[in-house]
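Student: This is the content of input_29.txt (compact mmCIF, C-alpha atoms and all ligand atoms):
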```txt
# COMPACT_ATOMS: atom_id res chain seq x y z
CA MET Q 1 50.21 42.83 -25.52
CA ALA Q 2 49.73 46.60 -25.74
CA VAL Q 3 52.10 48.53 -23.54
CA THR Q 4 50.56 51.46 -21.77
CA PHE Q 5 53.51 52.50 -19.64
CA ARG Q 6 55.62 55.50 -20.47
CA LEU Q 7 58.99 54.54 -21.85
CA THR Q 8 61.74 56.68 -23.32
CA GLU Q 9 63.01 56.05 -26.83
CA GLU Q 10 66.18 54.50 -25.38
CA GLN Q 11 64.18 52.18 -23.12
CA ARG Q 12 62.08 51.03 -26.05
CA GLU Q 13 65.20 50.31 -28.10
CA ILE Q 14 66.95 48.36 -25.34
CA ARG Q 15 63.80 46.39 -24.62
CA ALA Q 16 63.43 45.56 -28.31
CA LEU Q 17 67.03 44.36 -28.38
CA ALA Q 18 66.45 42.18 -25.31
CA ARG Q 19 63.22 40.79 -26.78
CA GLU Q 20 64.92 39.92 -30.07
CA PHE Q 21 67.74 38.23 -28.16
CA ALA Q 22 65.30 36.30 -25.96
CA LEU Q 23 63.33 35.17 -28.99
CA GLY Q 24 66.29 34.14 -31.13
CA GLU Q 25 68.96 33.03 -28.66
CA ILE Q 26 67.18 31.97 -25.48
CA ARG Q 27 63.72 30.56 -26.22
CA PRO Q 28 64.86 27.94 -28.73
CA HIS Q 29 67.21 26.47 -26.10
CA ALA Q 30 65.11 26.86 -22.94
CA ALA Q 31 63.52 23.39 -22.94
CA GLY Q 32 66.89 21.75 -23.69
CA TRP Q 33 68.66 23.64 -20.91
CA ASP Q 34 65.83 22.71 -18.55
CA ALA Q 35 66.09 19.02 -19.44
CA ARG Q 36 69.92 19.04 -19.26
CA ARG Q 37 69.86 21.14 -16.09
CA GLY Q 38 72.45 23.61 -17.23
CA LEU Q 39 72.97 26.68 -19.41
CA GLY Q 40 75.31 26.55 -22.35
CA PRO Q 41 78.40 28.79 -21.84
CA GLU Q 42 77.66 30.45 -25.18
CA VAL Q 43 74.66 32.24 -23.72
CA PHE Q 44 76.94 34.15 -21.36
CA SER Q 45 79.28 35.27 -24.16
CA LYS Q 46 76.28 36.47 -26.16
CA LEU Q 47 74.87 38.31 -23.14
CA ALA Q 48 78.27 39.94 -22.63
CA GLU Q 49 78.48 40.97 -26.31
CA LEU Q 50 75.21 42.87 -25.95
CA GLY Q 51 76.40 44.50 -22.73
CA PHE Q 52 73.75 42.66 -20.69
CA LEU Q 53 76.30 41.55 -18.10
CA GLY Q 54 77.23 45.17 -17.41
CA MET Q 55 73.82 46.80 -17.45
CA ARG Q 56 74.14 48.55 -14.07
CA ILE Q 57 77.87 49.17 -14.28
CA PRO Q 58 78.85 52.74 -15.30
CA GLU Q 59 80.24 53.29 -18.78
CA ALA Q 60 83.58 54.34 -17.26
CA PHE Q 61 84.04 50.70 -16.20
CA GLY Q 62 82.85 49.27 -19.51
CA GLY Q 63 79.17 48.84 -18.59
CA LEU Q 64 75.98 50.27 -20.08
CA GLY Q 65 75.18 52.43 -17.03
CA LEU Q 66 71.44 51.75 -17.29
CA ASP Q 67 68.98 53.17 -14.78
CA LEU Q 68 67.09 50.68 -12.62
CA LYS Q 69 63.85 50.76 -14.61
CA THR Q 70 65.57 50.09 -17.94
CA TYR Q 71 67.55 47.25 -16.37
CA LEU Q 72 64.27 45.74 -15.10
CA LEU Q 73 62.75 45.94 -18.58
CA VAL Q 74 65.66 43.86 -19.90
CA LEU Q 75 65.38 41.32 -17.06
CA GLU Q 76 61.69 40.85 -17.85
CA GLU Q 77 62.51 40.05 -21.47
CA LEU Q 78 65.31 37.64 -20.54
CA ALA Q 79 62.94 35.83 -18.14
CA TRP Q 80 60.29 35.74 -20.85
CA GLY Q 81 62.95 33.78 -22.78
CA ASP Q 82 64.10 31.63 -19.86
CA ALA Q 83 64.03 32.40 -16.15
CA SER Q 84 67.27 30.52 -15.41
CA VAL Q 85 69.19 32.85 -17.73
CA ALA Q 86 67.52 35.88 -16.19
CA LEU Q 87 68.23 34.66 -12.64
CA ALA Q 88 71.94 34.26 -13.44
CA VAL Q 89 72.00 37.83 -14.82
CA ALA Q 90 69.97 39.24 -11.91
CA ILE Q 91 72.27 37.77 -9.24
CA HIS Q 92 75.35 38.85 -11.22
CA SER Q 93 74.13 42.42 -11.75
CA GLY Q 94 71.91 42.99 -8.76
CA PRO Q 95 73.40 42.44 -5.32
CA VAL Q 96 77.05 42.01 -6.31
CA GLY Q 97 77.39 44.88 -8.77
CA HIS Q 98 75.18 47.14 -6.68
CA LEU Q 99 77.15 46.74 -3.45
CA LEU Q 100 80.52 47.02 -5.21
CA LEU Q 101 79.42 50.31 -6.72
CA ARG Q 102 78.05 51.62 -3.44
CA TYR Q 103 80.73 50.50 -1.01
CA GLY Q 104 83.73 49.20 -2.98
CA THR Q 105 87.02 51.10 -2.79
CA GLU Q 106 88.37 52.62 -5.99
CA GLU Q 107 90.84 49.77 -6.14
CA GLN Q 108 88.12 47.08 -5.73
CA GLN Q 109 85.90 48.75 -8.32
CA GLY Q 110 88.79 49.06 -10.78
CA ARG Q 111 89.75 45.43 -10.22
CA TYR Q 112 86.32 43.85 -10.60
CA LEU Q 113 83.79 46.08 -12.37
CA PRO Q 114 85.36 45.95 -15.86
CA ARG Q 115 85.69 42.16 -15.61
CA LEU Q 116 82.09 41.80 -14.43
CA ALA Q 117 80.85 44.06 -17.24
CA ALA Q 118 82.79 42.06 -19.83
CA GLY Q 119 81.44 38.79 -18.47
CA GLU Q 120 84.96 37.54 -17.68
CA ILE Q 121 83.65 36.80 -14.20
CA LEU Q 122 80.11 36.21 -12.98
CA GLY Q 123 78.85 37.55 -9.66
CA ALA Q 124 77.37 35.39 -6.89
CA PHE Q 125 75.85 36.17 -3.49
CA ALA Q 126 76.49 33.82 -0.55
CA LEU Q 127 74.28 34.80 2.37
CA SER Q 128 71.99 31.81 3.11
CA GLU Q 129 73.08 28.87 5.22
CA ALA Q 130 71.42 25.61 6.31
CA GLY Q 131 70.18 27.24 9.52
CA ALA Q 132 69.89 30.82 8.27
CA GLY Q 133 67.48 31.52 5.41
CA SER Q 134 64.72 34.00 6.23
CA ASP Q 135 66.63 34.72 9.44
CA ALA Q 136 69.88 35.66 7.71
CA ARG Q 137 71.15 37.34 10.87
CA ALA Q 138 71.55 33.85 12.37
CA LEU Q 139 74.33 32.89 9.97
CA GLU Q 140 77.31 31.05 11.47
CA THR Q 141 80.11 31.44 8.94
CA LEU Q 142 83.02 32.98 10.81
CA ALA Q 143 85.48 35.65 9.73
CA ARG Q 144 88.61 35.61 11.91
CA ARG Q 145 91.26 38.32 11.66
CA ASP Q 146 94.58 36.85 10.60
CA GLY Q 147 97.51 39.25 10.50
CA GLY Q 148 96.43 41.94 8.08
CA GLY Q 149 93.76 39.75 6.48
CA TRP Q 150 90.95 37.34 7.22
CA VAL Q 151 90.20 33.62 7.45
CA LEU Q 152 86.67 32.46 6.58
CA GLN Q 153 85.20 29.22 7.89
CA GLY Q 154 81.68 27.88 7.42
CA SER Q 155 79.11 26.53 4.94
CA LYS Q 156 76.82 28.31 2.51
CA LYS Q 157 73.68 27.04 0.85
CA TRP Q 158 71.88 27.72 -2.43
CA VAL Q 159 74.55 29.92 -3.99
CA THR Q 160 73.30 30.82 -7.48
CA ASN Q 161 76.20 31.06 -10.00
CA GLY Q 162 78.39 29.66 -7.20
CA ASP Q 163 80.53 27.44 -9.41
CA LEU Q 164 80.67 29.57 -12.52
CA GLY Q 165 84.12 30.87 -11.66
CA GLY Q 166 83.36 34.40 -10.56
CA LEU Q 167 83.29 36.88 -7.80
CA VAL Q 168 81.35 35.85 -4.72
CA LEU Q 169 80.09 38.23 -2.10
CA VAL Q 170 80.31 36.21 1.12
CA PHE Q 171 78.71 37.22 4.39
CA ALA Q 172 80.34 36.13 7.66
CA ARG Q 173 80.39 37.16 11.30
CA ARG Q 174 83.18 37.74 13.81
CA GLU Q 175 84.22 34.99 16.20
CA ASP Q 176 82.68 36.79 19.19
CA GLY Q 177 79.36 36.49 17.35
CA GLU Q 178 79.15 40.22 16.78
CA GLY Q 179 78.99 42.16 13.56
CA MET Q 180 78.42 40.61 10.14
CA SER Q 181 80.74 41.72 7.33
CA ALA Q 182 80.77 41.29 3.55
CA PHE Q 183 83.82 39.91 1.71
CA LEU Q 184 84.78 39.77 -1.95
CA LEU Q 185 86.00 36.30 -2.76
CA GLU Q 186 87.31 35.19 -6.14
CA GLY Q 187 86.17 31.80 -7.40
CA GLY Q 188 89.01 29.29 -7.21
CA THR Q 189 90.46 30.76 -3.99
CA PRO Q 190 91.85 27.80 -1.97
CA GLY Q 191 89.36 26.69 0.67
CA TRP Q 192 86.28 27.73 -1.40
CA GLU Q 193 84.95 24.25 -2.07
CA VAL Q 194 81.85 23.88 -4.20
CA GLY Q 195 79.81 20.88 -3.11
CA LYS Q 196 76.41 19.49 -4.08
CA ARG Q 197 74.59 21.03 -7.04
CA GLU Q 198 70.94 21.10 -6.08
CA VAL Q 199 68.31 19.34 -8.17
CA THR Q 200 65.63 21.99 -8.13
CA MET Q 201 61.91 21.84 -8.95
CA GLY Q 202 62.19 24.67 -11.48
CA LEU Q 203 64.88 27.09 -12.66
CA ALA Q 204 66.57 23.81 -13.45
CA ALA Q 205 69.27 25.29 -15.67
CA SER Q 206 70.27 27.78 -13.01
CA GLU Q 207 73.26 26.72 -10.96
CA THR Q 208 72.40 26.41 -7.25
CA VAL Q 209 75.21 24.97 -5.15
CA GLU Q 210 76.34 24.32 -1.61
CA VAL Q 211 79.75 25.65 -0.66
CA GLU Q 212 82.19 24.85 2.16
CA LEU Q 213 84.61 27.52 3.27
CA THR Q 214 87.46 25.61 4.84
CA GLY Q 215 89.84 28.24 6.12
CA VAL Q 216 89.68 30.58 3.12
CA ARG Q 217 92.47 33.17 3.48
CA LEU Q 218 91.69 36.63 2.21
CA GLY Q 219 93.70 39.83 2.22
CA ALA Q 220 92.60 42.98 4.05
CA ASP Q 221 91.43 44.34 0.70
CA ALA Q 222 88.73 41.64 0.47
CA LEU Q 223 86.52 43.42 3.03
CA LEU Q 224 83.71 45.34 1.33
CA GLY Q 225 82.88 48.64 2.96
CA GLU Q 226 83.02 48.80 6.75
CA GLU Q 227 83.51 45.89 9.10
CA GLY Q 228 80.26 44.99 10.88
CA MET Q 229 78.03 46.58 8.23
CA GLY Q 230 77.36 43.38 6.28
CA PHE Q 231 73.77 42.89 7.39
CA THR Q 232 72.83 46.46 6.45
CA TYR Q 233 74.48 45.96 3.05
CA ALA Q 234 72.67 42.65 2.55
CA LEU Q 235 69.29 44.27 3.26
CA GLU Q 236 70.07 47.10 0.85
CA ALA Q 237 71.11 44.63 -1.85
CA LEU Q 238 67.94 42.63 -1.26
CA ASP Q 239 65.72 45.67 -1.91
CA VAL Q 240 67.24 46.02 -5.37
CA GLY Q 241 67.38 42.24 -5.80
CA ARG Q 242 63.67 41.92 -5.00
CA VAL Q 243 62.49 44.25 -7.75
CA GLY Q 244 64.76 42.19 -10.02
CA ILE Q 245 62.99 38.98 -8.96
CA GLY Q 246 59.70 40.84 -9.53
CA ALA Q 247 60.80 41.56 -13.11
CA LEU Q 248 61.73 37.90 -13.60
CA ALA Q 249 58.31 36.84 -12.31
CA LEU Q 250 56.71 39.30 -14.70
CA GLY Q 251 58.58 37.79 -17.64
CA ILE Q 252 57.42 34.29 -16.65
CA ALA Q 253 53.84 35.52 -16.16
CA ARG Q 254 53.78 37.24 -19.53
CA ALA Q 255 55.13 34.14 -21.27
CA ALA Q 256 52.44 31.94 -19.64
CA PHE Q 257 49.72 34.46 -20.49
CA GLU Q 258 50.77 34.64 -24.15
CA HIS Q 259 50.99 30.86 -24.53
CA ALA Q 260 47.54 30.48 -22.95
CA ARG Q 261 45.99 33.20 -25.11
CA ASN Q 262 47.43 31.73 -28.32
CA TYR Q 263 46.43 28.19 -27.41
CA SER Q 264 42.91 29.27 -26.49
CA ARG Q 265 42.46 30.62 -30.01
CA GLU Q 266 43.62 27.36 -31.63
CA ARG Q 267 42.09 24.63 -29.49
CA ILE Q 268 38.63 23.60 -30.57
CA GLN Q 269 36.26 21.78 -28.21
CA PHE Q 270 32.47 21.50 -28.54
CA GLY Q 271 32.92 23.03 -32.01
CA ARG Q 272 34.31 26.31 -30.67
CA ALA Q 273 37.70 27.77 -29.80
CA LEU Q 274 38.46 27.81 -26.06
CA ALA Q 275 38.77 31.59 -26.43
CA ASP Q 276 35.04 31.70 -27.14
CA PHE Q 277 34.15 30.31 -23.71
CA GLN Q 278 33.62 33.07 -21.20
CA ALA Q 279 35.34 30.97 -18.51
CA THR Q 280 38.55 31.12 -20.57
CA ARG Q 281 38.18 34.78 -21.48
CA PHE Q 282 37.78 35.74 -17.82
CA LYS Q 283 40.92 33.83 -16.89
CA LEU Q 284 42.86 35.73 -19.56
CA ALA Q 285 41.34 39.03 -18.49
CA ASP Q 286 42.41 38.40 -14.88
CA MET Q 287 45.90 37.43 -16.07
CA SER Q 288 46.20 40.67 -17.99
CA ALA Q 289 45.08 42.71 -14.96
CA ARG Q 290 47.53 40.98 -12.63
CA ILE Q 291 50.41 41.45 -15.07
CA THR Q 292 49.61 45.14 -15.42
CA ALA Q 293 49.30 45.61 -11.65
CA ALA Q 294 52.63 43.85 -11.07
CA ARG Q 295 54.35 45.93 -13.74
CA ALA Q 296 52.99 49.17 -12.25
CA LEU Q 297 54.31 48.22 -8.81
CA ILE Q 298 57.70 47.22 -10.18
CA HIS Q 299 58.06 50.55 -11.98
CA GLU Q 300 56.87 52.42 -8.88
CA ALA Q 301 59.35 50.58 -6.66
CA ALA Q 302 62.15 51.29 -9.16
CA SER Q 303 61.35 55.02 -9.06
CA ALA Q 304 61.30 54.95 -5.26
CA LEU Q 305 64.59 53.07 -4.99
CA GLU Q 306 66.31 55.23 -7.58
CA PRO Q 307 64.55 58.63 -7.61
CA GLU Q 308 67.23 60.16 -9.80
CA GLY Q 309 66.92 57.48 -12.50
CA ASP Q 310 64.87 57.66 -15.69
CA GLY Q 311 63.69 61.22 -15.18
CA ALA Q 312 61.66 60.03 -12.17
CA SER Q 313 62.61 63.15 -10.19
CA SER Q 314 60.95 65.33 -12.82
CA MET Q 315 57.64 63.64 -11.95
CA GLY Q 316 57.50 65.56 -8.64
CA GLU Q 317 58.49 64.84 -5.05
CA PRO Q 318 57.94 61.42 -3.46
CA ASP Q 319 54.65 61.32 -1.54
CA PRO Q 320 55.42 60.99 2.20
CA GLU Q 321 52.24 58.94 2.58
CA SER Q 322 53.55 56.35 0.12
CA PRO Q 323 55.04 53.09 1.44
CA SER Q 324 58.82 53.20 1.96
CA PRO Q 325 61.05 52.15 -0.97
CA GLY Q 326 61.85 48.85 0.77
CA ALA Q 327 58.14 48.11 1.33
CA LEU Q 328 57.40 48.96 -2.30
CA ALA Q 329 60.15 46.57 -3.41
CA ALA Q 330 58.59 43.85 -1.22
CA MET Q 331 55.11 44.60 -2.65
CA ALA Q 332 56.46 44.46 -6.20
CA LYS Q 333 58.14 41.09 -5.62
CA LEU Q 334 55.16 39.64 -3.76
CA THR Q 335 52.58 40.82 -6.30
CA ALA Q 336 54.61 39.75 -9.32
CA SER Q 337 55.66 36.35 -7.97
CA GLU Q 338 52.18 35.42 -6.75
CA ALA Q 339 50.76 36.59 -10.08
CA ALA Q 340 53.32 34.46 -11.94
CA VAL Q 341 52.41 31.32 -9.98
CA TRP Q 342 48.68 31.91 -10.42
CA ILE Q 343 48.98 32.77 -14.12
CA ALA Q 344 51.26 29.81 -14.92
CA ASP Q 345 48.90 27.51 -13.02
CA GLU Q 346 45.88 28.81 -14.98
CA ALA Q 347 47.88 28.52 -18.21
CA VAL Q 348 48.47 24.82 -17.49
CA GLN Q 349 44.72 24.51 -16.85
CA ILE Q 350 43.86 26.18 -20.18
CA PHE Q 351 46.21 23.77 -21.98
CA GLY Q 352 44.44 20.87 -20.23
CA GLY Q 353 46.24 17.52 -20.48
CA TYR Q 354 48.75 18.99 -22.91
CA GLY Q 355 49.65 21.60 -20.32
CA TYR Q 356 50.72 18.87 -17.94
CA MET Q 357 53.14 17.43 -20.50
CA ARG Q 358 56.78 18.43 -20.89
CA ASP Q 359 56.24 18.76 -24.67
CA TYR Q 360 54.43 22.03 -24.04
CA PRO Q 361 56.05 25.06 -22.44
CA VAL Q 362 53.65 25.96 -19.64
CA GLU Q 363 54.47 23.32 -17.00
CA LYS Q 364 58.07 24.61 -16.95
CA LEU Q 365 56.78 28.13 -16.40
CA LEU Q 366 54.81 26.96 -13.36
CA ARG Q 367 57.91 25.26 -11.91
CA ASP Q 368 60.03 28.35 -12.59
CA ALA Q 369 57.42 30.71 -11.16
CA LYS Q 370 57.35 28.93 -7.80
CA GLY Q 371 61.03 29.79 -7.26
CA MET Q 372 60.13 33.49 -7.45
CA GLU Q 373 58.03 33.17 -4.27
CA ILE Q 374 61.05 31.85 -2.37
CA SER Q 375 64.34 33.32 -3.59
CA GLU Q 376 65.57 36.66 -2.22
CA GLY Q 377 63.02 36.41 0.58
CA THR Q 378 59.81 34.37 0.75
CA SER Q 379 56.31 35.78 0.35
CA GLU Q 380 55.89 35.63 4.13
CA ILE Q 381 59.03 37.72 4.60
CA MET Q 382 57.73 40.21 2.02
CA ARG Q 383 54.54 40.52 4.09
CA LEU Q 384 56.64 40.96 7.23
CA VAL Q 385 58.55 43.84 5.58
CA MET Q 386 55.29 45.40 4.36
CA ALA Q 387 53.59 45.01 7.77
CA ARG Q 388 56.55 46.72 9.46
CA ASP Q 389 56.03 49.63 7.10
CA VAL Q 390 52.29 49.71 7.81
CA PHE Q 391 53.07 50.16 11.51
CA ARG Q 392 56.18 52.31 11.03
CA GLU Q 393 54.65 55.30 12.84
CA ASP Q 394 54.15 53.19 15.99
CA GLU Q 395 57.88 52.50 16.07
CA THR Q 396 59.07 56.11 15.98
C1 LIG G 401 66.21 29.09 -6.66
C2 LIG G 401 66.82 29.66 -5.43
C3 LIG G 401 67.99 30.42 -5.55
C4 LIG G 401 68.59 30.96 -4.40
N1 LIG G 401 69.76 31.66 -4.53
C5 LIG G 401 70.37 32.15 -3.43
C6 LIG G 401 71.63 32.85 -3.55
O1 LIG G 401 72.15 33.07 -4.64
N2 LIG G 401 72.23 33.26 -2.41
C7 LIG G 401 71.67 33.07 -1.17
O2 LIG G 401 72.28 33.51 -0.19
N3 LIG G 401 70.49 32.40 -1.03
C8 LIG G 401 69.83 31.94 -2.12
N4 LIG G 401 68.63 31.26 -2.00
C9 LIG G 401 68.08 31.02 -0.66
C10 LIG G 401 66.84 31.84 -0.35
O3 LIG G 401 67.17 33.18 -0.15
C11 LIG G 401 66.16 31.18 0.87
O4 LIG G 401 65.69 29.91 0.46
C12 LIG G 401 65.01 32.01 1.41
O5 LIG G 401 65.49 33.21 1.96
C13 LIG G 401 64.20 31.25 2.47
O6 LIG G 401 65.03 30.69 3.44
P1 LIG G 401 64.84 29.12 3.84
O7 LIG G 401 64.82 28.36 2.57
O8 LIG G 401 65.86 28.76 4.84
O9 LIG G 401 63.41 29.02 4.47
P2 LIG G 401 62.99 29.28 6.03
O10 LIG G 401 63.55 30.58 6.47
O11 LIG G 401 63.34 28.05 6.79
O12 LIG G 401 61.44 29.39 5.87
C14 LIG G 401 60.56 28.27 5.77
C15 LIG G 401 59.12 28.78 5.74
O13 LIG G 401 58.83 29.50 6.95
C16 LIG G 401 58.42 30.81 6.66
N5 LIG G 401 58.93 31.76 7.67
C17 LIG G 401 60.21 31.89 8.11
N6 LIG G 401 60.28 32.89 9.01
C18 LIG G 401 59.04 33.39 9.15
C19 LIG G 401 58.46 34.44 9.92
N7 LIG G 401 59.20 35.20 10.75
N8 LIG G 401 57.13 34.69 9.79
C20 LIG G 401 56.38 33.94 8.95
N9 LIG G 401 56.86 32.95 8.19
C21 LIG G 401 58.17 32.66 8.28
C22 LIG G 401 59.02 31.12 5.28
O14 LIG G 401 58.33 32.15 4.63
C23 LIG G 401 58.87 29.77 4.60
O15 LIG G 401 57.59 29.63 4.10
C24 LIG G 401 68.00 30.73 -3.13
C25 LIG G 401 66.82 29.98 -3.03
C26 LIG G 401 66.22 29.46 -4.16
C27 LIG G 401 64.95 28.68 -4.02
```
Output the file's structure as structure tokens, nothing else.

Tutor:
Amino acid sequence: MAVTFRLTEEQREIRALAREFALGEIRPHAAGWDARRGLGPEVFSKLAELGFLGMRIPEAFGGLGLDLKTYLLVLEELAWGDASVALAVAIHSGPVGHLLLRYGTEEQQGRYLPRLAAGEILGAFALSEAGAGSDARALETLARRDGGGWVLQGSKKWVTNGDLGGLVLVFARREDGEGMSAFLLEGGTPGWEVGKREVTMGLAASETVEVELTGVRLGADALLGEEGMGFTYALEALDVGRVGIGALALGIARAAFEHARNYSRERIQFGRALADFQATRFKLADMSARITAARALIHEAASALEPEGDGASSMGEPDPESPSPGALAAMAKLTASEAAVWIADEAVQIFGGYGYMRDYPVEKLLRDAKGMEISEGTSEIMRLVMARDVFREDET
């Protein structure tokens, strides 16, 4: 597919590296990982070798120090290879790395960032609970002060990378019900008990687990940033996380589009290739438009969230009439994830009966795409965020 977006030489090179990696080291294994419901550990060592587990971590801590847009280009390629791999990388790099960099003490950054960048530990994000998904503020996990430290008690749901032995950012509230805080918890800490591994519809190789926190004792140095600021931090992390999910959706959409286009050239019915039927050509034209629209929004949201990155500031001042950065992130995720589901669905249709079979790659893409409309905030929550921005003047 021709690329019409402006990229620097460095961005082109990193994207080419990610594409080569996805083609050679991810794609050949994707169906096997999906069937086995797990990623091979070797994929993480290879990702670490290329620096892809430290993309957003500054070079001083052993990372690549990539700007947001370049990072998103890599995520798209990884998801084009396999969305479960890309989701593991996005959760590891997005919320966890981002908040550590923004609010971690020097000591916390020195302790964890080099290990995260080297892939010695993987990051996880434990916000959701059985009764608190879209309404994360309703979470019930408690953080009780204990001497100089803390004791955490509660249950978490759907923790991606939760059992991969890493660093988990856990959100909990005080006993009096006030103030949510964020804590850095190392995998293997006594009382962090990984329970059921979910059997998911798609993203089957991604690890999604339930966790019980049965009196986890943490030192005072486990608190991230200020006490009571956890919800604000979670929202900030989700803005960055959502453009990441948008990039994953884009990778899935592009993969489905390419499979459908190639198949439509090969499959002959009524003496002609499917690609000769206007009905098929229009589907592919719409796919291409929706991919391009999603990519434009993802790049726009990245520039808004990180105006100093990628020379974005040299493109002029942000337009005050533009949606807020958070609303743009929501638009990018919504547009890309709905495009991915629609495109993967149409790709299955173009493949006909073969598309419905596990022997062909497109049914997996449809299952994976659906997860993009739910994780890190559902499509309805994206619309809620966008609607709030539409009426923001009424609230001031
Ligand atoms: C693959 C996957 C990985 C995940 N990984 C993580 C992770 O690593 N860490 C983590 O903390 N969580 C994770 N999650 C959880 C995810 O963030 C939640 O599933 C999501 O936020 C929705 O919450 P819920 O499932 O409780 O749905 P609910 O909040 O119960 O929503 C159910 C339905 O009601 C709609 N709805 C809810 N409120 C409103 C409203 N106000 N207006 C209109 N509609 C509404 C929703 O859009 C949805 O359609 C993951 C989920 C998935 C699927």

Student: What is the atom CA of Leu238 of chain Q-atom CA of Ser181 of chain Q distance in Å, reported with one decimal?

Tutor: 15.4 Å

Student: Measuring between all atoms listed in the file, which one of Q:Glu346, Q:Glu186, Q:Glu373, Q:Glu306 shows the shortest distance to Gly219 of chain Q?

Tutor: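 Closest candidate: Q:Glu186.
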
Student: Identify which of the residues Q:Gly241, Q:Gly154, Q:Gly148, Q:Gly104 lies closest to Ser128 of chain Q, counting all atoms listed in the file when measuring atom-to-atom distances.

Tutor: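 Going through Q:Gly241, Q:Gly154, Q:Gly148, Q:Gly104 one by one, the smallest distance to Ser128 of chain Q is for Q:Gly154.
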
Student: What are the closest atom pairs, with distances in Å to one decimal, for all residues of chain Q lying within 8 Å of ligand LIG 401 (chain G)? Consider all atoms listed in the file, order rows by chain and residue number, and present the result as JSON lines.

Tutor:
```
{"residue": "Q:Ile91", "atom": "CA", "partner": "G:LIG401", "partner_atom": "O1", "distance": 6.6}
{"residue": "Q:Ala124", "atom": "CA", "partner": "G:LIG401", "partner_atom": "O1", "distance": 6.1}
{"residue": "Q:Phe125", "atom": "CA", "partner": "G:LIG401", "partner_atom": "N2", "distance": 4.8}
{"residue": "Q:Ala126", "atom": "CA", "partner": "G:LIG401", "partner_atom": "O2", "distance": 4.2}
{"residue": "Q:Leu127", "atom": "CA", "partner": "G:LIG401", "partner_atom": "O2", "distance": 3.5}
{"residue": "Q:Ser128", "atom": "CA", "partner": "G:LIG401", "partner_atom": "O2", "distance": 3.7}
{"residue": "Q:Glu129", "atom": "CA", "partner": "G:LIG401", "partner_atom": "O2", "distance": 7.2}
{"residue": "Q:Ala130", "atom": "CA", "partner": "G:LIG401", "partner_atom": "O8", "distance": 6.6}
{"residue": "Q:Gly131", "atom": "CA", "partner": "G:LIG401", "partner_atom": "O8", "distance": 6.5}
{"residue": "Q:Ala132", "atom": "CA", "partner": "G:LIG401", "partner_atom": "O8", "distance": 5.7}
{"residue": "Q:Gly133", "atom": "CA", "partner": "G:LIG401", "partner_atom": "O8", "distance": 3.3}
{"residue": "Q:Ser134", "atom": "CA", "partner": "G:LIG401", "partner_atom": "O10", "distance": 3.6}
{"residue": "Q:Asp135", "atom": "CA", "partner": "G:LIG401", "partner_atom": "O10", "distance": 6.0}
{"residue": "Q:Ala136", "atom": "CA", "partner": "G:LIG401", "partner_atom": "O5", "distance": 7.6}
{"residue": "Q:Lys156", "atom": "CA", "partner": "G:LIG401", "partner_atom": "O2", "distance": 7.4}
{"residue": "Q:Lys157", "atom": "CA", "partner": "G:LIG401", "partner_atom": "N3", "distance": 6.5}
{"residue": "Q:Trp158", "atom": "CA", "partner": "G:LIG401", "partner_atom": "C8", "distance": 4.7}
{"residue": "Q:Val159", "atom": "CA", "partner": "G:LIG401", "partner_atom": "O1", "distance": 4.0}
{"residue": "Q:Thr160", "atom": "CA", "partner": "G:LIG401", "partner_atom": "O1", "distance": 3.8}
{"residue": "Q:Asn161", "atom": "CA", "partner": "G:LIG401", "partner_atom": "O1", "distance": 7.0}
{"residue": "Q:Gly162", "atom": "CA", "partner": "G:LIG401", "partner_atom": "O1", "distance": 7.6}
{"residue": "Q:Thr200", "atom": "CA", "partner": "G:LIG401", "partner_atom": "C1", "distance": 7.3}
{"residue": "Q:Gly202", "atom": "CA", "partner": "G:LIG401", "partner_atom": "C1", "distance": 7.7}
{"residue": "Q:Leu203", "atom": "CA", "partner": "G:LIG401", "partner_atom": "C1", "distance": 6.5}
{"residue": "Q:Ser206", "atom": "CA", "partner": "G:LIG401", "partner_atom": "C1", "distance": 7.6}
{"residue": "Q:Thr208", "atom": "CA", "partner": "G:LIG401", "partner_atom": "C3", "distance": 6.2}
{"residue": "Q:Gly371", "atom": "CA", "partner": "G:LIG401", "partner_atom": "C27", "distance": 5.2}
{"residue": "Q:Met372", "atom": "CA", "partner": "G:LIG401", "partner_atom": "C1", "distance": 7.5}
{"residue": "Q:Ile374", "atom": "CA", "partner": "G:LIG401", "partner_atom": "C27", "distance": 5.3}
{"residue": "Q:Ser375", "atom": "CA", "partner": "G:LIG401", "partner_atom": "C25", "distance": 4.2}
{"residue": "Q:Glu376", "atom": "CA", "partner": "G:LIG401", "partner_atom": "O3", "distance": 4.4}
{"residue": "Q:Gly377", "atom": "CA", "partner": "G:LIG401", "partner_atom": "O5", "distance": 4.3}
{"residue": "Q:Thr378", "atom": "CA", "partner": "G:LIG401", "partner_atom": "O14", "distance": 4.7}
{"residue": "Q:Ser379", "atom": "CA", "partner": "G:LIG401", "partner_atom": "O14", "distance": 6.0}
{"residue": "Q:Glu380", "atom": "CA", "partner": "G:LIG401", "partner_atom": "O14", "distance": 4.3}
{"residue": "Q:Ile381", "atom": "CA", "partner": "G:LIG401", "partner_atom": "O14", "distance": 5.6}
{"residue": "Q:Leu384", "atom": "CA", "partner": "G:LIG401", "partner_atom": "N8", "distance": 6.8}
```

Student: Using Å and a single decimal, report how far atom CA of Leu305 of chain Q sits from atom CA of Ala327 of chain Q.

Tutor: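 Value for the atom CA of Ala327 of chain Q-atom CA of Leu305 of chain Q distance: 10.3 Å.
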
Student: Using only C-alpha atoms, which residues sit within 6 Å of Gly81 of chain Q once same-chain residues fewer than 3 positions away are excluded, as a short mmCIF file (atom, residue, chain, number, x, y, z; two decimals) with C-alpha atoms, keeping the file's coordinate frame?

Tutor:
```
data_model
loop_
_atom_site.label_atom_id
_atom_site.label_comp_id
_atom_site.auth_asym_id
_atom_site.auth_seq_id
_atom_site.Cartn_x
_atom_site.Cartn_y
_atom_site.Cartn_z
CA ALA Q 22 65.30 36.30 -25.96
CA ILE Q 26 67.18 31.97 -25.48
CA ARG Q 27 63.72 30.56 -26.22
CA LEU Q 78 65.31 37.64 -20.54
#
```
